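K.L.:
File start-v1.txt below, compact mmCIF, C-alpha atoms:
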```
# COMPACT_ATOMS: atom_id res chain seq x y z
CA MET A 63 12.12 -92.60 1.89
CA GLU A 64 12.11 -89.61 4.21
CA THR A 65 13.40 -90.21 7.74
CA ILE A 66 14.86 -88.29 10.65
CA GLY A 67 18.23 -88.85 12.30
CA THR A 68 21.15 -87.00 13.79
CA HIS A 69 24.30 -85.55 12.34
CA ARG A 70 27.04 -84.24 14.61
CA GLY A 71 24.62 -84.23 17.52
CA LYS A 72 21.87 -82.29 15.69
CA CYS A 73 18.55 -83.54 14.35
CA VAL A 74 18.27 -83.75 10.56
CA ILE A 75 15.79 -84.90 7.91
CA LYS A 76 17.19 -87.45 5.46
CA TRP A 77 15.85 -88.27 1.98
CA THR A 78 16.94 -89.49 -1.45
CA GLU A 79 16.83 -87.18 -4.45
CA GLY A 80 18.17 -88.02 -7.89
CA GLY A 81 19.77 -91.19 -6.57
CA LYS A 82 21.72 -89.30 -3.92
CA ARG A 83 21.18 -89.18 -0.18
CA LYS A 84 20.57 -85.71 1.21
CA ARG A 85 19.97 -84.18 4.60
CA ALA A 86 18.80 -80.90 6.08
CA ALA A 87 18.94 -79.60 9.63
CA VAL A 88 15.69 -79.44 11.61
CA PRO A 89 14.95 -75.72 12.11
CA GLY A 90 15.12 -74.63 15.72
CA CYS A 91 16.54 -77.90 16.98
CA GLY A 92 19.69 -77.63 19.10
CA GLN A 93 21.97 -80.33 20.38
CA GLY A 94 19.77 -81.41 23.27
CA CYS A 95 18.48 -84.59 21.66
CA LYS A 96 21.52 -86.63 22.63
CA GLY A 97 21.55 -88.46 19.29
CA ASN A 98 17.92 -89.69 19.53
CA ALA A 99 16.00 -87.78 16.87
CA ARG A 100 12.91 -90.00 17.20
CA SER A 101 12.28 -88.60 20.67
CA CYS A 102 12.57 -85.01 19.42
CA GLU A 103 9.15 -83.45 18.91
CA LYS A 104 10.56 -80.74 16.64
CA ALA A 105 12.20 -83.36 14.42
CA ARG A 106 8.99 -85.38 14.08
CA ALA A 107 6.94 -82.25 13.30
CA ALA A 108 9.53 -81.09 10.75
CA LEU A 109 9.43 -84.50 9.04
CA GLU A 110 5.63 -84.40 8.69
CA ALA A 111 5.80 -80.87 7.29
CA PHE A 112 8.51 -81.98 4.87
CA LYS A 113 6.34 -84.88 3.64
CA ARG A 114 3.33 -82.60 3.12
CA GLU A 115 5.47 -80.22 1.11
CA LEU A 116 6.68 -83.07 -1.11
CA VAL A 117 3.10 -84.21 -1.76
CA ALA A 118 2.08 -80.66 -2.64
CA LEU A 119 5.00 -80.35 -5.08
CA GLN A 120 4.05 -83.63 -6.79
CA GLN A 121 0.41 -82.59 -7.32
CA PRO A 122 -0.50 -80.32 -10.24
CA PRO A 123 -1.67 -76.88 -9.17
CA GLU A 124 -5.43 -76.44 -8.83
CA PRO A 125 -6.86 -74.63 -11.88
CA THR A 126 -8.14 -71.12 -11.41
CA VAL A 127 -11.68 -69.99 -12.16
CA GLY A 128 -10.35 -68.32 -15.30
CA GLU A 129 -8.70 -71.53 -16.52
CA ILE A 130 -11.82 -73.56 -15.76
CA MET A 131 -14.13 -71.17 -17.62
CA GLU A 132 -11.82 -71.06 -20.65
CA GLY A 133 -11.66 -74.87 -20.70
CA TYR A 134 -15.44 -75.11 -20.36
CA SER A 135 -15.92 -72.64 -23.21
CA THR A 136 -13.62 -74.64 -25.48
CA TRP A 137 -15.45 -77.86 -24.60
CA LEU A 138 -18.82 -76.29 -25.43
CA ASN A 139 -17.53 -75.12 -28.79
CA ASN A 140 -16.22 -78.61 -29.54
CA GLN A 141 -19.70 -79.95 -28.76
CA GLY A 142 -21.20 -77.63 -31.37
CA LYS A 143 -22.60 -75.28 -28.74
CA ASP A 144 -22.00 -71.60 -28.04
CA GLY A 145 -19.03 -71.25 -25.69
CA THR A 146 -18.72 -67.49 -26.13
CA ARG A 147 -21.39 -66.86 -23.46
CA VAL A 148 -19.05 -68.45 -20.91
CA LEU A 149 -16.24 -66.10 -21.94
CA TYR A 150 -18.61 -63.13 -21.63
CA ALA A 151 -19.41 -64.27 -18.10
CA LEU A 152 -15.69 -64.72 -17.34
CA LYS A 153 -15.02 -61.15 -18.46
CA ALA A 154 -17.65 -59.94 -16.00
CA LEU A 155 -16.24 -62.22 -13.29
CA ASN A 156 -12.70 -60.86 -13.73
CA THR A 157 -12.26 -60.16 -10.01
CA LEU A 158 -12.82 -63.87 -9.31
CA SER A 159 -10.80 -65.33 -12.19
CA SER A 160 -7.62 -65.87 -10.14
CA LEU A 161 -9.43 -67.79 -7.39
CA THR A 162 -9.70 -71.59 -7.30
CA ALA A 163 -12.57 -73.91 -6.42
CA THR A 164 -11.00 -74.29 -2.97
CA THR A 165 -10.60 -70.59 -2.28
CA ILE A 166 -13.76 -69.17 -3.83
CA GLN A 167 -16.24 -68.10 -1.17
CA SER A 168 -19.92 -67.12 -1.18
CA SER A 169 -18.89 -63.73 0.20
CA ALA A 170 -16.83 -63.07 -2.94
CA LEU A 171 -19.81 -63.93 -5.15
CA SER A 172 -22.09 -61.75 -3.06
CA GLN A 173 -19.64 -58.87 -3.39
CA HIS A 174 -19.52 -59.44 -7.16
CA ALA A 175 -23.32 -59.30 -7.34
CA ILE A 176 -23.45 -56.11 -5.27
CA SER A 177 -20.77 -54.47 -7.40
CA ARG A 178 -22.46 -55.40 -10.69
CA ARG A 179 -25.86 -54.21 -9.50
CA ALA A 180 -24.29 -50.92 -8.36
CA GLY A 181 -22.91 -50.59 -11.88
CA GLY A 182 -26.40 -50.76 -13.36
CA MET A 183 -26.53 -54.45 -14.33
CA ALA A 184 -29.93 -56.12 -14.21
CA PRO A 185 -30.37 -58.87 -11.58
CA SER A 186 -30.96 -61.45 -14.32
CA THR A 187 -27.67 -60.52 -15.97
CA VAL A 188 -25.80 -61.03 -12.69
CA TRP A 189 -27.67 -64.32 -12.16
CA THR A 190 -26.63 -65.50 -15.65
CA GLU A 191 -22.96 -64.70 -14.95
CA ILE A 192 -22.89 -66.66 -11.71
CA ALA A 193 -24.94 -69.49 -13.24
CA ALA A 194 -22.26 -69.80 -15.95
CA LEU A 195 -19.62 -70.01 -13.22
CA ARG A 196 -21.58 -72.73 -11.43
CA SER A 197 -21.94 -74.70 -14.67
CA GLY A 198 -18.20 -74.35 -15.31
CA LEU A 199 -17.32 -75.63 -11.84
CA SER A 200 -19.72 -78.56 -12.24
CA TRP A 201 -18.11 -79.40 -15.59
CA ALA A 202 -14.64 -79.21 -14.02
CA LYS A 203 -15.68 -81.65 -11.28
CA LYS A 204 -17.04 -84.13 -13.83
CA LYS A 205 -13.86 -83.87 -15.91
CA GLY A 206 -11.64 -84.42 -12.87
CA TRP A 207 -10.12 -80.93 -12.96
CA ILE A 208 -11.16 -80.32 -9.35
CA ASP A 209 -11.91 -82.65 -6.43
CA HIS A 210 -14.59 -80.50 -4.83
CA GLU A 211 -17.39 -78.48 -6.40
CA PRO A 212 -18.20 -75.48 -4.19
CA THR A 213 -21.82 -74.65 -3.46
CA PHE A 214 -23.19 -71.15 -3.10
CA ASP A 215 -26.48 -69.29 -3.10
CA MET A 216 -27.66 -67.79 -6.37
CA PRO A 217 -28.72 -64.13 -6.50
CA ARG A 218 -32.29 -63.25 -7.32
CA LYS A 219 -33.37 -62.89 -10.93
CA SER A 220 -35.20 -59.91 -12.35
CA PRO A 221 -38.98 -60.23 -12.24
CA PRO A 222 -40.14 -61.95 -15.46
CA ARG A 223 -41.11 -59.65 -18.32
CA ASP A 224 -44.37 -60.36 -20.11
CA ARG A 225 -43.21 -58.53 -23.23
CA TRP A 226 -44.35 -59.98 -26.53
CA LEU A 227 -44.85 -58.57 -30.01
CA THR A 228 -48.15 -57.78 -31.65
CA PRO A 229 -48.45 -58.85 -35.31
CA ASP A 230 -47.97 -55.20 -36.31
CA GLU A 231 -44.77 -54.96 -34.25
CA ALA A 232 -43.55 -58.22 -35.76
CA ASN A 233 -44.01 -56.82 -39.26
CA ARG A 234 -42.18 -53.63 -38.29
CA LEU A 235 -39.31 -55.72 -36.95
CA LEU A 236 -39.10 -57.73 -40.18
CA ASP A 237 -39.12 -54.56 -42.27
CA ALA A 238 -36.31 -53.12 -40.12
CA ALA A 239 -34.08 -56.20 -40.50
CA ALA A 240 -31.23 -55.10 -42.78
CA SER A 241 -29.76 -58.58 -43.37
CA HIS A 242 -31.31 -61.62 -44.97
CA HIS A 243 -30.16 -63.91 -42.14
CA ILE A 244 -31.81 -61.70 -39.51
CA ARG A 245 -35.10 -61.68 -41.42
CA LEU A 246 -35.00 -65.45 -41.85
CA TYR A 247 -34.17 -65.86 -38.15
CA ILE A 248 -37.24 -63.80 -37.21
CA GLU A 249 -39.47 -65.86 -39.52
CA VAL A 250 -38.19 -69.16 -38.13
CA ALA A 251 -38.44 -67.96 -34.52
CA LEU A 252 -42.02 -66.76 -34.87
CA GLY A 253 -43.02 -69.79 -36.94
CA THR A 254 -41.59 -72.44 -34.61
CA ALA A 255 -41.27 -70.92 -31.09
CA ALA A 256 -37.78 -72.43 -30.93
CA ARG A 257 -34.98 -71.21 -28.68
CA PRO A 258 -32.33 -68.92 -30.23
CA SER A 259 -29.59 -71.57 -29.96
CA ALA A 260 -31.80 -74.21 -31.60
CA ILE A 261 -32.35 -71.91 -34.58
CA THR A 262 -28.73 -70.87 -35.05
CA GLU A 263 -27.66 -74.52 -34.84
CA LEU A 264 -30.25 -75.64 -37.40
CA THR A 265 -28.99 -77.18 -40.67
CA TRP A 266 -30.89 -77.64 -43.91
CA SER A 267 -30.61 -81.42 -43.52
CA ARG A 268 -33.14 -81.19 -40.69
CA VAL A 269 -35.59 -79.00 -42.61
CA ASP A 270 -38.02 -81.28 -44.46
CA MET A 271 -39.94 -78.95 -46.77
CA LYS A 272 -41.54 -81.85 -48.63
CA HIS A 273 -43.26 -83.18 -45.51
CA ARG A 274 -43.26 -79.71 -43.91
CA ARG A 275 -41.52 -80.25 -40.61
CA ILE A 276 -38.35 -79.14 -38.81
CA ASN A 277 -36.35 -81.31 -36.43
CA PHE A 278 -34.45 -79.06 -34.04
CA ASN A 279 -32.57 -81.95 -32.42
CA VAL A 280 -28.87 -82.02 -33.28
CA PRO A 281 -27.71 -85.54 -34.26
CA ASN A 282 -25.32 -87.26 -31.83
CA VAL A 283 -25.60 -84.46 -29.27
CA ASN A 284 -27.30 -85.00 -25.93
CA THR A 285 -29.43 -81.96 -25.16
CA PRO A 286 -30.03 -81.29 -21.43
CA ALA A 287 -33.46 -82.45 -20.24
CA ASN A 288 -34.46 -78.89 -19.36
CA LYS A 289 -33.54 -77.73 -22.88
CA SER A 290 -35.29 -80.42 -24.92
CA ARG A 291 -36.09 -79.61 -28.53
CA ALA A 292 -39.14 -80.27 -30.64
CA ILE A 293 -40.04 -81.48 -34.10
CA VAL A 294 -42.53 -78.92 -35.40
CA PRO A 295 -44.63 -78.48 -38.55
CA ILE A 296 -43.95 -75.75 -41.11
CA ASN A 297 -46.84 -73.38 -41.80
CA ASP A 298 -47.46 -71.64 -45.13
CA ARG A 299 -45.74 -68.39 -44.22
CA LEU A 300 -42.63 -70.09 -42.86
CA LEU A 301 -42.48 -72.44 -45.86
CA ALA A 302 -42.26 -69.44 -48.21
CA ALA A 303 -39.46 -67.90 -46.14
CA LEU A 304 -37.54 -71.18 -46.00
CA GLU A 305 -37.89 -71.81 -49.75
CA GLU A 306 -36.46 -68.35 -50.42
CA GLY A 307 -33.61 -68.96 -47.99
CA TYR A 308 -32.86 -72.36 -49.51
CA LYS A 309 -32.48 -70.85 -52.98
CA VAL A 310 -29.73 -68.47 -51.86
CA ARG A 311 -28.01 -70.79 -49.39
CA SER A 312 -24.20 -71.05 -49.49
CA SER A 313 -23.63 -73.45 -46.58
CA GLU A 314 -25.35 -76.19 -44.62
CA TRP A 315 -26.63 -73.71 -42.02
CA VAL A 316 -30.11 -72.21 -42.23
CA ILE A 317 -28.98 -69.02 -40.47
CA GLU A 318 -25.75 -68.09 -42.22
CA HIS A 319 -23.80 -64.98 -43.14
CA ASN A 320 -20.97 -64.95 -45.68
CA SER A 321 -21.26 -68.76 -45.95
CA LYS A 322 -20.60 -69.16 -42.22
CA ASN A 323 -22.79 -70.29 -39.36
CA VAL A 324 -24.12 -67.40 -37.29
CA VAL A 325 -23.56 -68.33 -33.66
CA SER A 326 -25.43 -65.32 -32.28
CA VAL A 327 -27.87 -62.88 -33.89
CA LYS A 328 -27.90 -60.48 -30.93
CA LYS A 329 -26.05 -57.61 -32.63
CA GLY A 330 -28.01 -57.62 -35.90
CA PHE A 331 -31.26 -58.27 -34.05
CA ALA A 332 -30.67 -55.35 -31.67
CA SER A 333 -30.08 -53.05 -34.65
CA ALA A 334 -33.39 -54.16 -36.20
CA VAL A 335 -35.21 -53.61 -32.91
CA LYS A 336 -33.80 -50.08 -32.68
CA ARG A 337 -34.72 -49.22 -36.28
CA ALA A 338 -38.23 -50.57 -35.69
CA GLY A 339 -38.64 -48.27 -32.70
CA LEU A 340 -39.24 -51.16 -30.30
CA LYS A 341 -38.00 -51.62 -26.74
CA ASN A 342 -37.28 -54.54 -24.40
CA ILE A 343 -37.17 -57.07 -27.23
CA SER A 344 -34.50 -59.77 -27.49
CA PRO A 345 -34.16 -62.86 -29.70
CA HIS A 346 -35.78 -64.90 -26.93
CA SER A 347 -38.78 -62.53 -27.00
CA LEU A 348 -39.80 -64.12 -30.31
CA ARG A 349 -40.17 -67.52 -28.65
CA HIS A 350 -42.31 -65.90 -25.96
CA THR A 351 -44.30 -64.09 -28.64
CA ALA A 352 -45.01 -67.27 -30.61
CA ALA A 353 -46.19 -69.09 -27.48
CA THR A 354 -48.37 -66.14 -26.49
CA TRP A 355 -49.97 -65.99 -29.94
CA MET A 356 -50.83 -69.68 -29.67
CA ALA A 357 -52.35 -69.15 -26.22
CA LEU A 358 -54.40 -66.18 -27.45
CA ALA A 359 -55.68 -68.39 -30.28
CA ALA A 360 -56.98 -70.88 -27.67
CA ILE A 361 -54.50 -73.62 -28.67
CA PRO A 362 -54.56 -76.31 -25.93
CA MET A 363 -51.70 -76.01 -23.46
CA PRO A 364 -50.31 -79.53 -24.20
CA GLN A 365 -49.87 -78.56 -27.88
CA ILE A 366 -48.10 -75.33 -26.95
CA ALA A 367 -45.90 -77.34 -24.57
CA ASN A 368 -44.91 -79.67 -27.43
CA TYR A 369 -43.95 -76.68 -29.58
CA LEU A 370 -41.82 -75.26 -26.78
CA GLY A 371 -40.19 -78.59 -25.95
CA HIS A 372 -41.66 -78.59 -22.44
CA LYS A 373 -41.98 -82.14 -21.12
CA ASP A 374 -44.53 -81.04 -18.56
CA SER A 375 -47.39 -78.80 -19.74
CA ARG A 376 -47.65 -77.36 -16.21
CA THR A 377 -44.54 -75.33 -17.01
CA THR A 378 -46.32 -73.91 -20.06
CA GLU A 379 -49.51 -73.22 -18.11
CA ARG A 380 -47.62 -71.33 -15.43
CA VAL A 381 -46.30 -68.85 -17.99
CA TYR A 382 -48.97 -68.70 -20.70
CA ALA A 383 -52.32 -69.83 -19.25
CA HIS A 384 -53.37 -66.27 -18.36
CA HIS A 385 -53.31 -65.40 -22.09
CA HIS A 386 -55.77 -68.17 -22.94
CA PRO A 387 -59.34 -66.94 -23.62
CA ASP A 388 -60.78 -69.61 -21.32
CA PHE A 389 -58.40 -68.88 -18.44
CA LEU A 390 -60.43 -68.76 -15.21
CA LYS A 391 -63.65 -68.55 -17.26
CA SER A 392 -65.34 -71.30 -15.31
CA ALA A 393 -64.13 -69.77 -12.06
CA ALA A 394 -65.67 -66.43 -13.01
CA LYS A 395 -68.93 -68.21 -13.87
CA ALA A 396 -69.06 -69.61 -10.34
CA LEU A 397 -69.11 -66.07 -8.94
CA GLU A 398 -72.41 -65.20 -10.60
CA TRP A 399 -75.45 -65.09 -8.37
```
Kindly transcribe the structure held in the file into structure tokens.

P.N.:
Amino acid sequence: METIGTHRGKCVIKWTEGGKRKRAAVPGCGQGCKGNARSCEKARAALEAFKRELVALQQPPEPTVGEIMEGYSTWLNNQGKDGTRVLYALKALNTLSSLTATTIQSSALSQHAISRRAGGMAPSTVWTEIAALRSGLSWAKKKGWIDHEPTFDMPRKSPPRDRWLTPDEANRLLDAAASHHIRLYIEVALGTAARPSAITELTWSRVDMKHRRINFNVPNVNTPANKSRAIVPINDRLLAALEEGYKVRSSEWVIEHNSKNVVSVKKGFASAVKRAGLKNISPHSLRHTAATWMALAAIPMPQIANYLGHKDSRTTERVYAHHHPDFLKSAAKALEW
């Protein structure tokens, strides 16, 4: 137990360490206490400071942003998800990596956003980086790594792009795909409207070609509510592509390369886009394309929502209703006179 007392007329702090009693002089305290350390304000203040220092030494140091993001990435990988995106964000957030949840400030994030934008990064890219940081901090709070999860304002995203492929562009993209797994990815994406991660995580065990349906839900993994996945039918074109892929398979994964699961198709996909002479097309653009094609074909919004895994069709309507042939048709009729 830590106490205060006097030694040779001076105030001291006394404590036990390693089974031995120790003492240390109170800084700045002279011999004016007359042997009564408890009445010495400097002694009492020094004792409290000494106790706080002991508590701090006994507590593990607070993890840095870099350590949190690396831990979060590893956890995602262990859950069968893509943790590399978190490491990409950490690389961009290098000026913040040495900070902790206690020391990170909104001003530092704002400065990061300004710096990245000045370097030519799109607003949505900056938003994604900071969103990854926020997810990492939330994960750290749930895992007990940190006691407090900081809150901060998110930067603005880029305005949404309404870029989708025409059937001719889709064929050009397929012809430009140099690898079998990129071609099969494109076929699956356009035939199911699934998210990129859902496709790269798909195994043949969830592809039922006999009953012609694909279950994109990963067994024993809880998918976030805002990223729900669908069970969709297989059309004739996709069935042919899947049958061809199944014949040459060398692993359990539908999208594979050298018998290994392909976590991301971005590099091979970007090469195909360039060879096809297309611009502003990403793997996610195929999901947007598939949904747009369904809207143009006058498929009811609730059906499109089911394909996309949207629990509320209002989300689907907000993005795709303007492509529907009947969009505002009745409203236009009311303006006739």

K.L.:
Per residue of range 176-241 of chain A within 12 Å of range 130-138 of chain A, record the nearest atom pair and its distance in Å to one decimal, counting only C-alpha atoms, with rows in chain order and ascending residue number, as JSON lines.

P.N.:
```
{"residue": "A:Glu191", "atom": "CA", "partner": "A:Met131", "partner_atom": "CA", "distance": 11.3}
{"residue": "A:Ile192", "atom": "CA", "partner": "A:Met131", "partner_atom": "CA", "distance": 11.5}
{"residue": "A:Ala193", "atom": "CA", "partner": "A:Met131", "partner_atom": "CA", "distance": 11.8}
{"residue": "A:Ala194", "atom": "CA", "partner": "A:Met131", "partner_atom": "CA", "distance": 8.4}
{"residue": "A:Leu195", "atom": "CA", "partner": "A:Met131", "partner_atom": "CA", "distance": 7.1}
{"residue": "A:Arg196", "atom": "CA", "partner": "A:Met131", "partner_atom": "CA", "distance": 9.8}
{"residue": "A:Ser197", "atom": "CA", "partner": "A:Tyr134", "partner_atom": "CA", "distance": 8.6}
{"residue": "A:Gly198", "atom": "CA", "partner": "A:Met131", "partner_atom": "CA", "distance": 5.7}
{"residue": "A:Leu199", "atom": "CA", "partner": "A:Ile130", "partner_atom": "CA", "distance": 7.1}
{"residue": "A:Ser200", "atom": "CA", "partner": "A:Tyr134", "partner_atom": "CA", "distance": 9.8}
{"residue": "A:Trp201", "atom": "CA", "partner": "A:Tyr134", "partner_atom": "CA", "distance": 6.9}
{"residue": "A:Ala202", "atom": "CA", "partner": "A:Ile130", "partner_atom": "CA", "distance": 6.5}
{"residue": "A:Lys203", "atom": "CA", "partner": "A:Ile130", "partner_atom": "CA", "distance": 10.0}
{"residue": "A:Lys204", "atom": "CA", "partner": "A:Tyr134", "partner_atom": "CA", "distance": 11.2}
{"residue": "A:Lys205", "atom": "CA", "partner": "A:Tyr134", "partner_atom": "CA", "distance": 10.0}
{"residue": "A:Gly206", "atom": "CA", "partner": "A:Ile130", "partner_atom": "CA", "distance": 11.2}
{"residue": "A:Trp207", "atom": "CA", "partner": "A:Ile130", "partner_atom": "CA", "distance": 8.1}
{"residue": "A:Ile208", "atom": "CA", "partner": "A:Ile130", "partner_atom": "CA", "distance": 9.3}
{"residue": "A:Glu211", "atom": "CA", "partner": "A:Ile130", "partner_atom": "CA", "distance": 12.0}
```

K.L.:
For Asn156 in chain A, which of A:Val127, A:Ala238, A:Met183, A:Leu340 is the closest residue, counting all atoms listed in the file?

P.N.:
A:Val127

K.L.:
Just the residues within 12 Å of Leu301 in chain A, please, counting only C-alpha atoms, with nothing from its chain fewer than 3 positions along; format it as a VMD selection string.

P.N.:
chain A and resid 246 249 to 250 253 to 254 269 to 276 295 to 298 304 to 308

K.L.:
Which residue gives the smallest distance to Thr228 in chain A among A:Thr351, A:Gln365, A:Thr262, A:Thr213, with all atoms listed in the file counted?

P.N.:
A:Thr351

K.L.:
Within 12 Å of (-34.3, -54.8, -25.9) in the file's own coordinates, which protein, DNA or RNA residues have an atom, counting only C-alpha atoms? List them as number ranges by chain.

P.N.:
A: 223, 225-227, 328-329, 331-348

K.L.:
Kindly indicate which residue among A:Pro89, A:Pro217, A:Gly145, A:Pro212 lies nearest to Ile176 in chain A, using only C-alpha atoms for the distances.

P.N.:
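Checking each of A:Pro89, A:Pro217, A:Gly145, A:Pro212 against Ile176 in chain A, counting only C-alpha atoms, the winner is A:Pro217.
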
K.L.:
Give the answer as one residue: which of A:Val188, A:Ala232, A:Glu79, A:Arg85 has the shortest atom-to-atom distance to Ala352 in chain A, using all atoms listed in the file?

P.N.:
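Result for the nearest residue to Ala352 in chain A: A:Ala232.
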
K.L.:
Would you place a box with edges along x, y and z of the file around all atoms of range 159-176 of chain A listed there, add 8 Å to each of its six sides, and report the centre and edge lengths in Å to one decimal, as JSON?

P.N.:
```
{"center_x": -15.5, "center_y": -65.2, "center_z": -6.0, "size_x": 31.8, "size_y": 34.2, "size_z": 28.4}
```

K.L.:
Mind listing as a list of chain:residue names all residues within 9 Å of (-47.0, -75.6, -30.0), counting only C-alpha atoms?

P.N.:
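I get A:Thr254, A:Ala255, A:Val294, A:Ala352, A:Ala353, A:Met356, A:Ile361, A:Pro362, A:Met363, A:Pro364, A:Gln365, A:Ile366, A:Ala367, A:Asn368, A:Tyr369, A:Leu370, A:Gly371 for the residues within 9 Å of that point.
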
K.L.:
Do you have the CA of Val148 in chain A-CA of Thr187 in chain A distance handy?

P.N.:
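These atoms are spaced 12.7 Å apart.
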
K.L.:
Between CA of Pro281 in chain A and CA of Ser241 in chain A, what is the spacing in Å?

P.N.:
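Spanning CA of Ser241 in chain A to CA of Pro281 in chain A is a straight-line distance of 28.5 Å.
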
K.L.:
Restricting the calculation to all atoms listed in the file, which member of A:Gln141, A:Thr164, A:Thr65, A:Asn320 is positioned closest to Val280 in chain A?

P.N.:
A:Gln141
